[in-house]
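Below you'll find the structure, written out as structure tokens, and then a few comments.
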Amino acid sequence: MISSHALHSLSKVIAKQHSSVVYPGERREELDSGPPSEWLGRLITRGESHVIVEAVGAETAGIVTWQSAPWDTTILGRHVARLDHILIPDELRRGHPALVERIVERTREDLKANGIEYALARIPAEDVVLAQAMEVQGFKIVDGIITFACQASTTRPAPIPSLQVRGATDDDTEAVVTLAGSAFSRDRFHQDPEISDSLADQVHREWARNACLGKVADVVLVAEDDEGICGFLSCGRHSRYPFTEDRHVAVIGLVATASRARGRGVASILTQAAVNWALQVGAKWVVVGTQFANVGAARLYQRCGFSIVSTSHSLRVVMPVNNHAP
Ligand SMILES: CC(C)(COP(=O)(O)OP(=O)(O)OC[C@H]1O[C@@H](n2cnc3c(N)ncnc32)[C@H](O)[C@@H]1OP(=O)(O)O)[C@@H](O)C(=O)NCCC(=O)NCCS
């Protein structure tokens with residue numbers, strides 16, 4: 001049982017993580033409103049997450065929450081989990097240098113004890129101490145993400161001759177899926193030596209199909225020229241911490257232009273259409289992430305008026321279940 005004092009101190013870590021991410025046009029003070037301990041308490045007691053609690057003496061020094069990831073498990077063919085929160089108050093880290101490593105070690109043990117074979121975490125890029133503690137426990141960096149945001153607004157992109165941008169229909173699904181299966185190369189799936197390129201392509205095909213089916217996106221926009229679908233973008237509406245009515249964001253998931261149509265402004269026009277859609281559905285901001293290594297995509301978002309708001313690393317650990325040494 002976590003005391004309300006500990007809950008409050010851990011929830012301050014969440015508040016700090018969130019308040020370091022200031023979106024365009026936002027005031028930092030807006031983020032301080034309301035202690036998030038109630039929300040954290042619900043997360044811990046809801047029973048969906050595994051929770052690892054580390055104590056120093058009688059004091060709760062940190063918690064990690066993780067969940068099984070059923071979609072990733074099916075598609076990667078091994079039991080996958082996602083670490084959602086790793087919360088260790090700064091003041092406790094300072095007095096206990098080995099604390100971070102111990103928490104990560106216990107997390108790894110818990111994952112293994114629960115039959116997890118592949119676990120993924122995304123952590124703030126500035127938390128080098130945590131990244132290094134995770135490396136000691138066998139986690140490897142598989143990508144670095146830059147997150148961009150802009151305010152939802154009405155944009156009037158200059159039209160491109162013979163190019164139409166519209167919402168996808170059921171008839172577009174196969175073209176979108178095919179494009180998704182060939183366009184991506186810099187994401188964490190393609191960058192992970194544990195995952196073959198063909199499996200990483202399959203991940204993107206399934207992801208795009210689920211977006212078209214409305215399972216992981218609220219809208220899919222397509223760009224069509226004389227030869228057919230040459231680009232697509234998926235986008236969904238989400239709540240943003242602190243979870244109040246007026247803090248919705250639209251999150252762009254997948255964006256791709258067919259290689260034959262790149263450099264003509266196709267992704268720009270799709271991105272601007274997503275910014276318009278966000279305003280229509282009442283989102284205040286549009287958010288999109290790309291890999292540090294995807295300079296082309298980063299420049300695309302900057303060109304469309306987005307600013308950098310945060311950076312993070314994705315780390316994963318692979319743990320064979322039946323490790324019978326010969
Ligand atoms: C990134 C991608 C979507 C860009 O699509 P696109 O239709 O060629 O982009 P646009 O023509 O609209 O380019 C818009 C701006 O992006 C930037 N940009 C796009 N591709 C770039 C590249 N390869 N190198 C540098 N800048 C690039 C440029 O600033 C460009 O503006 P400019 O031509 O006026 O300088 C496309 O290369 C792609 O599908 N890549 C593979 C999938 C992917 O990485 N998606 C993004 C995941 S977050």
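Each chain of the structure tokens is named A, B, ... in the order shown, its residues numbered from 1; ligands are numbered from 1 in display order.
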Show me, as a PDB file with N, CA and C atoms, in the first residue's frame, the residues that have an atom within 12 Å of range 8-18 of chain A when counting only C-alpha atoms, minus same-chain residues fewer than 2 positions from it.
```
ATOM      1  N   ILE A   2       0.612   2.161  -0.904  1.00  0.00           N
ATOM      2  CA  ILE A   2       1.422   3.377  -0.983  1.00  0.00           C
ATOM      3  C   ILE A   2       0.726   4.477  -0.180  1.00  0.00           C
ATOM      4  N   SER A   3       1.493   5.138   0.686  1.00  0.00           N
ATOM      5  CA  SER A   3       0.881   6.171   1.531  1.00  0.00           C
ATOM      6  C   SER A   3       0.501   7.385   0.677  1.00  0.00           C
ATOM      7  N   SER A   4      -0.416   8.188   1.196  1.00  0.00           N
ATOM      8  CA  SER A   4      -0.835   9.352   0.413  1.00  0.00           C
ATOM      9  C   SER A   4       0.315  10.349   0.298  1.00  0.00           C
ATOM     10  N   HIS A   5       1.203  10.340   1.295  1.00  0.00           N
ATOM     11  CA  HIS A   5       2.377  11.228   1.213  1.00  0.00           C
ATOM     12  C   HIS A   5       3.266  10.797   0.039  1.00  0.00           C
ATOM     13  N   ALA A   6       3.501   9.471  -0.061  1.00  0.00           N
ATOM     14  CA  ALA A   6       4.350   8.956  -1.147  1.00  0.00           C
ATOM     15  C   ALA A   6       3.699   9.218  -2.505  1.00  0.00           C
ATOM     16  N   SER A  20       7.589  20.281 -18.027  1.00  0.00           N
ATOM     17  CA  SER A  20       8.775  20.657 -18.799  1.00  0.00           C
ATOM     18  C   SER A  20       8.439  20.664 -20.298  1.00  0.00           C
ATOM     19  N   VAL A  21       7.225  20.201 -20.641  1.00  0.00           N
ATOM     20  CA  VAL A  21       6.806  20.189 -22.047  1.00  0.00           C
ATOM     21  C   VAL A  21       5.774  21.293 -22.253  1.00  0.00           C
ATOM     22  N   VAL A  22       6.234  22.424 -22.724  1.00  0.00           N
ATOM     23  CA  VAL A  22       5.333  23.572 -22.903  1.00  0.00           C
ATOM     24  C   VAL A  22       5.016  23.706 -24.390  1.00  0.00           C
ATOM     25  N   TYR A  23       3.732  23.661 -24.700  1.00  0.00           N
ATOM     26  CA  TYR A  23       3.313  23.719 -26.101  1.00  0.00           C
ATOM     27  C   TYR A  23       3.251  25.165 -26.584  1.00  0.00           C
ATOM     28  N   ARG A  28       3.346  28.236 -18.830  1.00  0.00           N
ATOM     29  CA  ARG A  28       3.839  27.160 -17.962  1.00  0.00           C
ATOM     30  C   ARG A  28       2.959  26.979 -16.723  1.00  0.00           C
ATOM     31  N   GLU A  29       2.437  28.122 -16.199  1.00  0.00           N
ATOM     32  CA  GLU A  29       1.625  28.025 -14.960  1.00  0.00           C
ATOM     33  C   GLU A  29       0.381  27.156 -15.164  1.00  0.00           C
ATOM     34  N   GLU A  30      -0.133  27.116 -16.398  1.00  0.00           N
ATOM     35  CA  GLU A  30      -1.349  26.320 -16.640  1.00  0.00           C
ATOM     36  C   GLU A  30      -1.137  24.867 -16.223  1.00  0.00           C
ATOM     37  N   LEU A  31       0.110  24.419 -16.323  1.00  0.00           N
ATOM     38  CA  LEU A  31       0.388  23.008 -16.088  1.00  0.00           C
ATOM     39  C   LEU A  31       0.457  22.653 -14.608  1.00  0.00           C
ATOM     40  N   ASP A  32       0.568  23.673 -13.766  1.00  0.00           N
ATOM     41  CA  ASP A  32       0.696  23.388 -12.338  1.00  0.00           C
ATOM     42  C   ASP A  32      -0.662  23.147 -11.680  1.00  0.00           C
ATOM     43  N   SER A  33      -1.731  23.353 -12.443  1.00  0.00           N
ATOM     44  CA  SER A  33      -3.049  23.286 -11.815  1.00  0.00           C
ATOM     45  C   SER A  33      -3.406  21.868 -11.369  1.00  0.00           C
ATOM     46  N   GLY A  34      -3.727  21.737 -10.092  1.00  0.00           N
ATOM     47  CA  GLY A  34      -4.271  20.471  -9.588  1.00  0.00           C
ATOM     48  C   GLY A  34      -3.233  19.408  -9.353  1.00  0.00           C
ATOM     49  N   PRO A  35      -3.183  18.821  -8.134  1.00  0.00           N
ATOM     50  CA  PRO A  35      -2.228  17.737  -7.889  1.00  0.00           C
ATOM     51  C   PRO A  35      -2.677  16.468  -8.615  1.00  0.00           C
ATOM     52  N   PRO A  36      -1.778  15.795  -9.276  1.00  0.00           N
ATOM     53  CA  PRO A  36      -2.178  14.612 -10.041  1.00  0.00           C
ATOM     54  C   PRO A  36      -2.227  13.335  -9.219  1.00  0.00           C
ATOM     55  N   SER A  37      -2.119  13.440  -7.852  1.00  0.00           N
ATOM     56  CA  SER A  37      -2.001  12.210  -7.076  1.00  0.00           C
ATOM     57  C   SER A  37      -3.256  11.342  -7.187  1.00  0.00           C
ATOM     58  N   GLU A  38      -4.408  11.996  -7.369  1.00  0.00           N
ATOM     59  CA  GLU A  38      -5.647  11.227  -7.499  1.00  0.00           C
ATOM     60  C   GLU A  38      -5.592  10.346  -8.753  1.00  0.00           C
ATOM     61  N   TRP A  39      -5.126  10.972  -9.818  1.00  0.00           N
ATOM     62  CA  TRP A  39      -5.023  10.261 -11.083  1.00  0.00           C
ATOM     63  C   TRP A  39      -4.007   9.113 -10.978  1.00  0.00           C
ATOM     64  N   LEU A  40      -2.861   9.387 -10.337  1.00  0.00           N
ATOM     65  CA  LEU A  40      -1.839   8.355 -10.163  1.00  0.00           C
ATOM     66  C   LEU A  40      -2.379   7.227  -9.284  1.00  0.00           C
ATOM     67  N   GLY A  41      -3.108   7.590  -8.233  1.00  0.00           N
ATOM     68  CA  GLY A  41      -3.700   6.591  -7.342  1.00  0.00           C
ATOM     69  C   GLY A  41      -4.629   5.662  -8.113  1.00  0.00           C
ATOM     70  N   ARG A  42      -5.430   6.244  -9.014  1.00  0.00           N
ATOM     71  CA  ARG A  42      -6.359   5.427  -9.823  1.00  0.00           C
ATOM     72  C   ARG A  42      -5.576   4.485 -10.733  1.00  0.00           C
ATOM     73  N   LEU A  43      -4.504   5.025 -11.317  1.00  0.00           N
ATOM     74  CA  LEU A  43      -3.687   4.216 -12.227  1.00  0.00           C
ATOM     75  C   LEU A  43      -3.128   2.986 -11.502  1.00  0.00           C
ATOM     76  N   ILE A  44      -2.690   3.221 -10.263  1.00  0.00           N
ATOM     77  CA  ILE A  44      -2.067   2.135  -9.505  1.00  0.00           C
ATOM     78  C   ILE A  44      -3.098   1.103  -9.056  1.00  0.00           C
ATOM     79  N   VAL A  53       7.053  -1.239  -6.500  1.00  0.00           N
ATOM     80  CA  VAL A  53       7.271  -0.154  -5.539  1.00  0.00           C
ATOM     81  C   VAL A  53       8.602  -0.393  -4.851  1.00  0.00           C
ATOM     82  N   GLU A  54       9.457   0.603  -4.869  1.00  0.00           N
ATOM     83  CA  GLU A  54      10.765   0.491  -4.216  1.00  0.00           C
ATOM     84  C   GLU A  54      10.758   1.385  -2.983  1.00  0.00           C
ATOM     85  N   GLU A  59      10.131   4.688   3.542  1.00  0.00           N
ATOM     86  CA  GLU A  59       9.628   5.648   2.565  1.00  0.00           C
ATOM     87  C   GLU A  59       9.542   5.046   1.155  1.00  0.00           C
ATOM     88  N   THR A  60       8.465   5.303   0.442  1.00  0.00           N
ATOM     89  CA  THR A  60       8.369   4.866  -0.954  1.00  0.00           C
ATOM     90  C   THR A  60       9.315   5.727  -1.774  1.00  0.00           C
ATOM     91  N   ALA A  61      10.257   5.070  -2.429  1.00  0.00           N
ATOM     92  CA  ALA A  61      11.301   5.838  -3.119  1.00  0.00           C
ATOM     93  C   ALA A  61      11.067   5.910  -4.619  1.00  0.00           C
ATOM     94  N   GLY A  62      10.175   5.090  -5.134  1.00  0.00           N
ATOM     95  CA  GLY A  62       9.941   5.137  -6.569  1.00  0.00           C
ATOM     96  C   GLY A  62       8.957   4.064  -6.965  1.00  0.00           C
ATOM     97  N   ILE A  63       8.299   4.284  -8.101  1.00  0.00           N
ATOM     98  CA  ILE A  63       7.465   3.210  -8.633  1.00  0.00           C
ATOM     99  C   ILE A  63       7.673   3.108 -10.142  1.00  0.00           C
ATOM    100  N   VAL A  64       7.448   1.890 -10.612  1.00  0.00           N
ATOM    101  CA  VAL A  64       7.428   1.636 -12.053  1.00  0.00           C
ATOM    102  C   VAL A  64       6.101   0.957 -12.346  1.00  0.00           C
ATOM    103  N   ASP A  84       5.106   2.121 -18.535  1.00  0.00           N
ATOM    104  CA  ASP A  84       4.391   3.397 -18.699  1.00  0.00           C
ATOM    105  C   ASP A  84       4.998   4.512 -17.863  1.00  0.00           C
ATOM    106  N   HIS A  85       5.339   4.194 -16.617  1.00  0.00           N
ATOM    107  CA  HIS A  85       5.857   5.238 -15.724  1.00  0.00           C
ATOM    108  C   HIS A  85       7.052   4.714 -14.948  1.00  0.00           C
ATOM    109  N   ILE A  86       8.078   5.527 -14.894  1.00  0.00           N
ATOM    110  CA  ILE A  86       9.208   5.240 -14.002  1.00  0.00           C
ATOM    111  C   ILE A  86       9.375   6.524 -13.198  1.00  0.00           C
ATOM    112  N   LEU A  87       8.916   6.489 -11.947  1.00  0.00           N
ATOM    113  CA  LEU A  87       8.836   7.718 -11.151  1.00  0.00           C
ATOM    114  C   LEU A  87       9.737   7.613  -9.927  1.00  0.00           C
ATOM    115  N   ILE A  88      10.770   8.435  -9.917  1.00  0.00           N
ATOM    116  CA  ILE A  88      11.696   8.446  -8.777  1.00  0.00           C
ATOM    117  C   ILE A  88      11.950   9.917  -8.439  1.00  0.00           C
ATOM    118  N   PRO A  89      11.488  10.371  -7.273  1.00  0.00           N
ATOM    119  CA  PRO A  89      11.687  11.789  -6.955  1.00  0.00           C
ATOM    120  C   PRO A  89      13.167  12.166  -6.926  1.00  0.00           C
ATOM    121  N   ASP A  90      13.476  13.347  -7.435  1.00  0.00           N
ATOM    122  CA  ASP A  90      14.867  13.832  -7.509  1.00  0.00           C
ATOM    123  C   ASP A  90      15.556  13.824  -6.159  1.00  0.00           C
ATOM    124  N   GLU A  91      14.813  14.263  -5.132  1.00  0.00           N
ATOM    125  CA  GLU A  91      15.463  14.397  -3.819  1.00  0.00           C
ATOM    126  C   GLU A  91      15.913  13.028  -3.292  1.00  0.00           C
ATOM    127  N   LEU A  92      15.212  11.945  -3.670  1.00  0.00           N
ATOM    128  CA  LEU A  92      15.608  10.606  -3.216  1.00  0.00           C
ATOM    129  C   LEU A  92      16.757  10.064  -4.053  1.00  0.00           C
ATOM    130  N   ARG A  93      16.772  10.403  -5.335  1.00  0.00           N
ATOM    131  CA  ARG A  93      17.891   9.968  -6.180  1.00  0.00           C
ATOM    132  C   ARG A  93      19.207  10.516  -5.657  1.00  0.00           C
ATOM    133  N   ILE A 123      11.697   7.172 -22.348  1.00  0.00           N
ATOM    134  CA  ILE A 123      12.068   8.021 -21.206  1.00  0.00           C
ATOM    135  C   ILE A 123      12.546   9.383 -21.703  1.00  0.00           C
ATOM    136  N   PRO A 124      12.421  10.430 -20.874  1.00  0.00           N
ATOM    137  CA  PRO A 124      12.900  11.742 -21.309  1.00  0.00           C
ATOM    138  C   PRO A 124      14.394  11.669 -21.661  1.00  0.00           C
ATOM    139  N   ALA A 125      14.782  12.291 -22.784  1.00  0.00           N
ATOM    140  CA  ALA A 125      16.181  12.175 -23.231  1.00  0.00           C
ATOM    141  C   ALA A 125      17.146  12.749 -22.205  1.00  0.00           C
ATOM    142  N   GLU A 126      16.655  13.698 -21.393  1.00  0.00           N
ATOM    143  CA  GLU A 126      17.577  14.314 -20.421  1.00  0.00           C
ATOM    144  C   GLU A 126      17.883  13.382 -19.246  1.00  0.00           C
ATOM    145  N   ASP A 127      17.122  12.296 -19.091  1.00  0.00           N
ATOM    146  CA  ASP A 127      17.360  11.421 -17.930  1.00  0.00           C
ATOM    147  C   ASP A 127      18.445  10.388 -18.251  1.00  0.00           C
ATOM    148  N   ARG A 240      -4.964  15.697 -22.909  1.00  0.00           N
ATOM    149  CA  ARG A 240      -3.607  16.045 -22.497  1.00  0.00           C
ATOM    150  C   ARG A 240      -3.572  16.412 -21.021  1.00  0.00           C
ATOM    151  N   TYR A 241      -2.543  15.941 -20.324  1.00  0.00           N
ATOM    152  CA  TYR A 241      -2.367  16.239 -18.908  1.00  0.00           C
ATOM    153  C   TYR A 241      -2.154  17.738 -18.709  1.00  0.00           C
ATOM    154  N   PRO A 242      -2.654  18.436 -17.654  1.00  0.00           N
ATOM    155  CA  PRO A 242      -3.682  17.946 -16.757  1.00  0.00           C
ATOM    156  C   PRO A 242      -5.013  17.798 -17.502  1.00  0.00           C
ATOM    157  N   PHE A 243      -5.738  16.734 -17.169  1.00  0.00           N
ATOM    158  CA  PHE A 243      -6.868  16.316 -17.997  1.00  0.00           C
ATOM    159  C   PHE A 243      -8.106  17.175 -17.776  1.00  0.00           C
ATOM    160  N   VAL A 309       9.002  20.410 -28.813  1.00  0.00           N
ATOM    161  CA  VAL A 309       8.565  20.558 -27.419  1.00  0.00           C
ATOM    162  C   VAL A 309       9.251  19.575 -26.469  1.00  0.00           C
ATOM    163  N   SER A 310       9.726  18.447 -26.951  1.00  0.00           N
ATOM    164  CA  SER A 310      10.422  17.524 -26.044  1.00  0.00           C
ATOM    165  C   SER A 310      11.226  16.502 -26.840  1.00  0.00           C
ATOM    166  N   THR A 311      12.101  15.823 -26.132  1.00  0.00           N
ATOM    167  CA  THR A 311      12.894  14.756 -26.751  1.00  0.00           C
ATOM    168  C   THR A 311      12.886  13.540 -25.815  1.00  0.00           C
ATOM    169  N   SER A 312      12.944  12.371 -26.397  1.00  0.00           N
ATOM    170  CA  SER A 312      12.928  11.158 -25.562  1.00  0.00           C
ATOM    171  C   SER A 312      13.733  10.050 -26.231  1.00  0.00           C
TER     172      SER A 312
END
```
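The protein and nucleic acid residues lying at most 7 Å from Val219 in chain A are Ser234, Cys235 and Gly236 of chain A, with only C-alpha atoms considered and sequence neighbours fewer than 4 positions away removed.
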Can you pull out every residue with an atom within 6 Å of ligand 1? Use only C-alpha atoms and all ligand atoms and format it as a PyMOL selection string.
chain A and resi 183-184+255-257+262-268+289-290+295-297+299-300+303
Save the residues we just selected, N, CA and C atoms, as a PDB file, in the first residue's frame?
```pdb
ATOM      1  N   ALA A 183       7.289   2.405 -46.969  1.00  0.00           N
ATOM      2  CA  ALA A 183       7.813   3.772 -46.819  1.00  0.00           C
ATOM      3  C   ALA A 183       8.786   3.955 -45.656  1.00  0.00           C
ATOM      4  N   PHE A 184       8.601   3.189 -44.572  1.00  0.00           N
ATOM      5  CA  PHE A 184       9.304   3.539 -43.327  1.00  0.00           C
ATOM      6  C   PHE A 184      10.623   2.787 -43.181  1.00  0.00           C
ATOM      7  N   VAL A 255       2.809   9.183 -41.158  1.00  0.00           N
ATOM      8  CA  VAL A 255       2.815  10.071 -42.334  1.00  0.00           C
ATOM      9  C   VAL A 255       3.761   9.447 -43.350  1.00  0.00           C
ATOM     10  N   ALA A 256       3.334   9.319 -44.575  1.00  0.00           N
ATOM     11  CA  ALA A 256       4.260   8.809 -45.590  1.00  0.00           C
ATOM     12  C   ALA A 256       3.867   9.312 -46.973  1.00  0.00           C
ATOM     13  N   THR A 257       4.886   9.548 -47.775  1.00  0.00           N
ATOM     14  CA  THR A 257       4.693   9.888 -49.191  1.00  0.00           C
ATOM     15  C   THR A 257       5.386   8.796 -50.001  1.00  0.00           C
ATOM     16  N   ARG A 262       7.845  12.155 -53.672  1.00  0.00           N
ATOM     17  CA  ARG A 262       8.482  12.949 -52.595  1.00  0.00           C
ATOM     18  C   ARG A 262       9.043  14.264 -53.137  1.00  0.00           C
ATOM     19  N   GLY A 263       9.165  15.236 -52.217  1.00  0.00           N
ATOM     20  CA  GLY A 263       9.772  16.519 -52.583  1.00  0.00           C
ATOM     21  C   GLY A 263       8.842  17.436 -53.361  1.00  0.00           C
ATOM     22  N   ARG A 264       7.541  17.087 -53.430  1.00  0.00           N
ATOM     23  CA  ARG A 264       6.581  17.929 -54.172  1.00  0.00           C
ATOM     24  C   ARG A 264       5.604  18.626 -53.228  1.00  0.00           C
ATOM     25  N   GLY A 265       5.795  18.463 -51.930  1.00  0.00           N
ATOM     26  CA  GLY A 265       4.899  19.125 -50.979  1.00  0.00           C
ATOM     27  C   GLY A 265       3.708  18.274 -50.557  1.00  0.00           C
ATOM     28  N   VAL A 266       3.730  16.959 -50.886  1.00  0.00           N
ATOM     29  CA  VAL A 266       2.584  16.095 -50.551  1.00  0.00           C
ATOM     30  C   VAL A 266       2.409  15.985 -49.025  1.00  0.00           C
ATOM     31  N   ALA A 267       3.514  15.691 -48.310  1.00  0.00           N
ATOM     32  CA  ALA A 267       3.393  15.536 -46.850  1.00  0.00           C
ATOM     33  C   ALA A 267       3.044  16.870 -46.199  1.00  0.00           C
ATOM     34  N   SER A 268       3.532  17.969 -46.769  1.00  0.00           N
ATOM     35  CA  SER A 268       3.195  19.296 -46.200  1.00  0.00           C
ATOM     36  C   SER A 268       1.697  19.541 -46.281  1.00  0.00           C
ATOM     37  N   GLY A 289       5.582  13.197 -33.531  1.00  0.00           N
ATOM     38  CA  GLY A 289       6.950  12.826 -33.164  1.00  0.00           C
ATOM     39  C   GLY A 289       7.663  12.212 -34.343  1.00  0.00           C
ATOM     40  N   THR A 290       8.967  12.405 -34.383  1.00  0.00           N
ATOM     41  CA  THR A 290       9.763  11.689 -35.378  1.00  0.00           C
ATOM     42  C   THR A 290      11.122  11.354 -34.775  1.00  0.00           C
ATOM     43  N   VAL A 295      15.752  13.523 -40.333  1.00  0.00           N
ATOM     44  CA  VAL A 295      15.904  14.972 -40.529  1.00  0.00           C
ATOM     45  C   VAL A 295      14.862  15.495 -41.528  1.00  0.00           C
ATOM     46  N   GLY A 296      14.580  14.707 -42.565  1.00  0.00           N
ATOM     47  CA  GLY A 296      13.586  15.136 -43.564  1.00  0.00           C
ATOM     48  C   GLY A 296      12.236  15.388 -42.914  1.00  0.00           C
ATOM     49  N   ALA A 297      11.794  14.458 -42.058  1.00  0.00           N
ATOM     50  CA  ALA A 297      10.490  14.617 -41.401  1.00  0.00           C
ATOM     51  C   ALA A 297      10.523  15.795 -40.433  1.00  0.00           C
ATOM     52  N   ARG A 299      12.258  18.481 -40.647  1.00  0.00           N
ATOM     53  CA  ARG A 299      12.175  19.738 -41.423  1.00  0.00           C
ATOM     54  C   ARG A 299      10.773  19.945 -41.984  1.00  0.00           C
ATOM     55  N   LEU A 300      10.133  18.849 -42.354  1.00  0.00           N
ATOM     56  CA  LEU A 300       8.741  18.942 -42.828  1.00  0.00           C
ATOM     57  C   LEU A 300       7.875  19.611 -41.761  1.00  0.00           C
ATOM     58  N   ARG A 303       8.659  23.218 -41.231  1.00  0.00           N
ATOM     59  CA  ARG A 303       8.174  24.011 -42.369  1.00  0.00           C
ATOM     60  C   ARG A 303       6.666  24.253 -42.257  1.00  0.00           C
TER      61      ARG A 303
END
```
Looking only at the backbone, which of the residues in range 28-183 of chain A does DSSP tag as helix (DSSP H, G or I), as a ChimeraX atom specification?
/A:28-32,37-45,70-76,90-95,99-113,128-136,170-183
Any chance you could list, as a short mmCIF file (atom, residue, chain, number, x, y, z; two decimals) with C-alpha atoms, in the first residue's frame, the residues in range 124-247 of chain A that come up strand (DSSP E) when DSSP is run on the backbone?
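The resulting file, result-v5.cif, is shown below:
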```
data_model
loop_
_atom_site.label_atom_id
_atom_site.label_comp_id
_atom_site.auth_asym_id
_atom_site.auth_seq_id
_atom_site.Cartn_x
_atom_site.Cartn_y
_atom_site.Cartn_z
CA PRO A 124 12.90 11.74 -21.31
CA LYS A 140 19.29 -0.97 -25.53
CA ILE A 141 18.40 2.34 -27.14
CA VAL A 142 16.40 1.71 -30.31
CA ASP A 143 15.53 5.26 -31.20
CA GLY A 144 15.45 8.88 -30.15
CA ILE A 145 12.26 10.87 -30.66
CA ILE A 146 11.79 14.60 -31.18
CA THR A 147 8.23 15.69 -30.45
CA PHE A 148 6.82 18.74 -32.20
CA ALA A 149 3.62 20.68 -31.56
CA CYS A 150 1.70 23.55 -33.11
CA GLN A 151 -1.58 25.22 -32.31
CA GLN A 164 -6.34 15.96 -54.21
CA VAL A 165 -6.30 15.62 -50.41
CA ARG A 166 -9.35 13.98 -48.78
CA GLY A 167 -10.47 11.64 -46.03
CA VAL A 219 -9.03 10.14 -39.29
CA VAL A 220 -6.85 9.01 -42.19
CA LEU A 221 -6.16 11.59 -44.88
CA VAL A 222 -4.93 10.57 -48.31
CA ALA A 223 -3.27 12.46 -51.14
CA GLU A 224 -4.13 11.23 -54.61
CA ASP A 225 -2.60 12.16 -57.94
CA GLY A 228 -3.36 6.93 -57.41
CA ILE A 229 -2.73 7.29 -53.68
CA CYS A 230 0.70 8.89 -53.22
CA GLY A 231 0.59 9.86 -49.55
CA PHE A 232 -1.33 9.38 -46.33
CA LEU A 233 -1.48 10.63 -42.74
CA SER A 234 -3.27 9.22 -39.69
CA CYS A 235 -4.37 11.33 -36.75
CA GLY A 236 -6.24 10.83 -33.47
CA ARG A 237 -7.70 13.03 -30.76
CA HIS A 238 -6.37 12.60 -27.21
CA SER A 239 -6.59 14.23 -23.79
#
```
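Between Ala273 in chain A and the candidates A:Ile252, A:Ala298, A:Ala133, A:Val177, the tightest atom-to-atom separation, counting only C-alpha atoms, involves A:Ile252.
Checking A:Ile52, A:Val104, A:Ala200, A:Val249 one by one against Ala278 in chain A, counting only C-alpha atoms, you find the shortest gap at A:Val249.
For Arg209 in chain A, the non-local neighbours within 8 Å, defined as residues at least 2 positions apart in the same chain or in other chains and counting only C-alpha atoms, are Thr173, Glu174, Val176, Val177, Arg205, Glu206, Trp207, Ala211, Cys212 and Leu213 of chain A.
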I need the chosen residues saved as an mmCIF file, in the first residue's frame, with N, CA and C atoms.
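Done, and the output landed in again.cif:
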```
data_model
loop_
_atom_site.group_PDB
_atom_site.id
_atom_site.type_symbol
_atom_site.label_atom_id
_atom_site.label_comp_id
_atom_site.auth_asym_id
_atom_site.auth_seq_id
_atom_site.Cartn_x
_atom_site.Cartn_y
_atom_site.Cartn_z
ATOM 1 N N THR A 173 -8.088 1.593 -48.384
ATOM 2 C CA THR A 173 -7.323 0.884 -47.344
ATOM 3 C C THR A 173 -6.121 0.126 -47.906
ATOM 4 N N GLU A 174 -6.337 -0.663 -48.963
ATOM 5 C CA GLU A 174 -5.221 -1.503 -49.449
ATOM 6 C C GLU A 174 -4.075 -0.651 -49.972
ATOM 7 N N VAL A 176 -3.256 2.363 -48.942
ATOM 8 C CA VAL A 176 -2.600 2.960 -47.767
ATOM 9 C C VAL A 176 -1.697 1.906 -47.093
ATOM 10 N N VAL A 177 -2.246 0.690 -46.958
ATOM 11 C CA VAL A 177 -1.497 -0.391 -46.306
ATOM 12 C C VAL A 177 -0.222 -0.701 -47.114
ATOM 13 N N ARG A 205 2.288 -2.083 -41.930
ATOM 14 C CA ARG A 205 1.065 -2.412 -42.694
ATOM 15 C C ARG A 205 -0.109 -2.582 -41.736
ATOM 16 N N GLU A 206 0.122 -3.335 -40.650
ATOM 17 C CA GLU A 206 -0.969 -3.580 -39.687
ATOM 18 C C GLU A 206 -1.399 -2.291 -38.995
ATOM 19 N N TRP A 207 -0.405 -1.468 -38.650
ATOM 20 C CA TRP A 207 -0.682 -0.188 -37.990
ATOM 21 C C TRP A 207 -1.562 0.677 -38.913
ATOM 22 N N ALA A 211 -5.406 1.927 -38.462
ATOM 23 C CA ALA A 211 -5.767 3.352 -38.562
ATOM 24 C C ALA A 211 -6.957 3.505 -39.505
ATOM 25 N N CYS A 212 -6.916 2.835 -40.649
ATOM 26 C CA CYS A 212 -8.027 2.926 -41.619
ATOM 27 C C CYS A 212 -9.322 2.354 -41.023
ATOM 28 N N LEU A 213 -9.179 1.351 -40.159
ATOM 29 C CA LEU A 213 -10.370 0.748 -39.535
ATOM 30 C C LEU A 213 -10.885 1.584 -38.358
#
```
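Counting only C-alpha atoms and comparing A:Leu83, A:Leu99, A:Met319, A:Ala58, the residue that lies closest to Glu117 in chain A is A:Met319.
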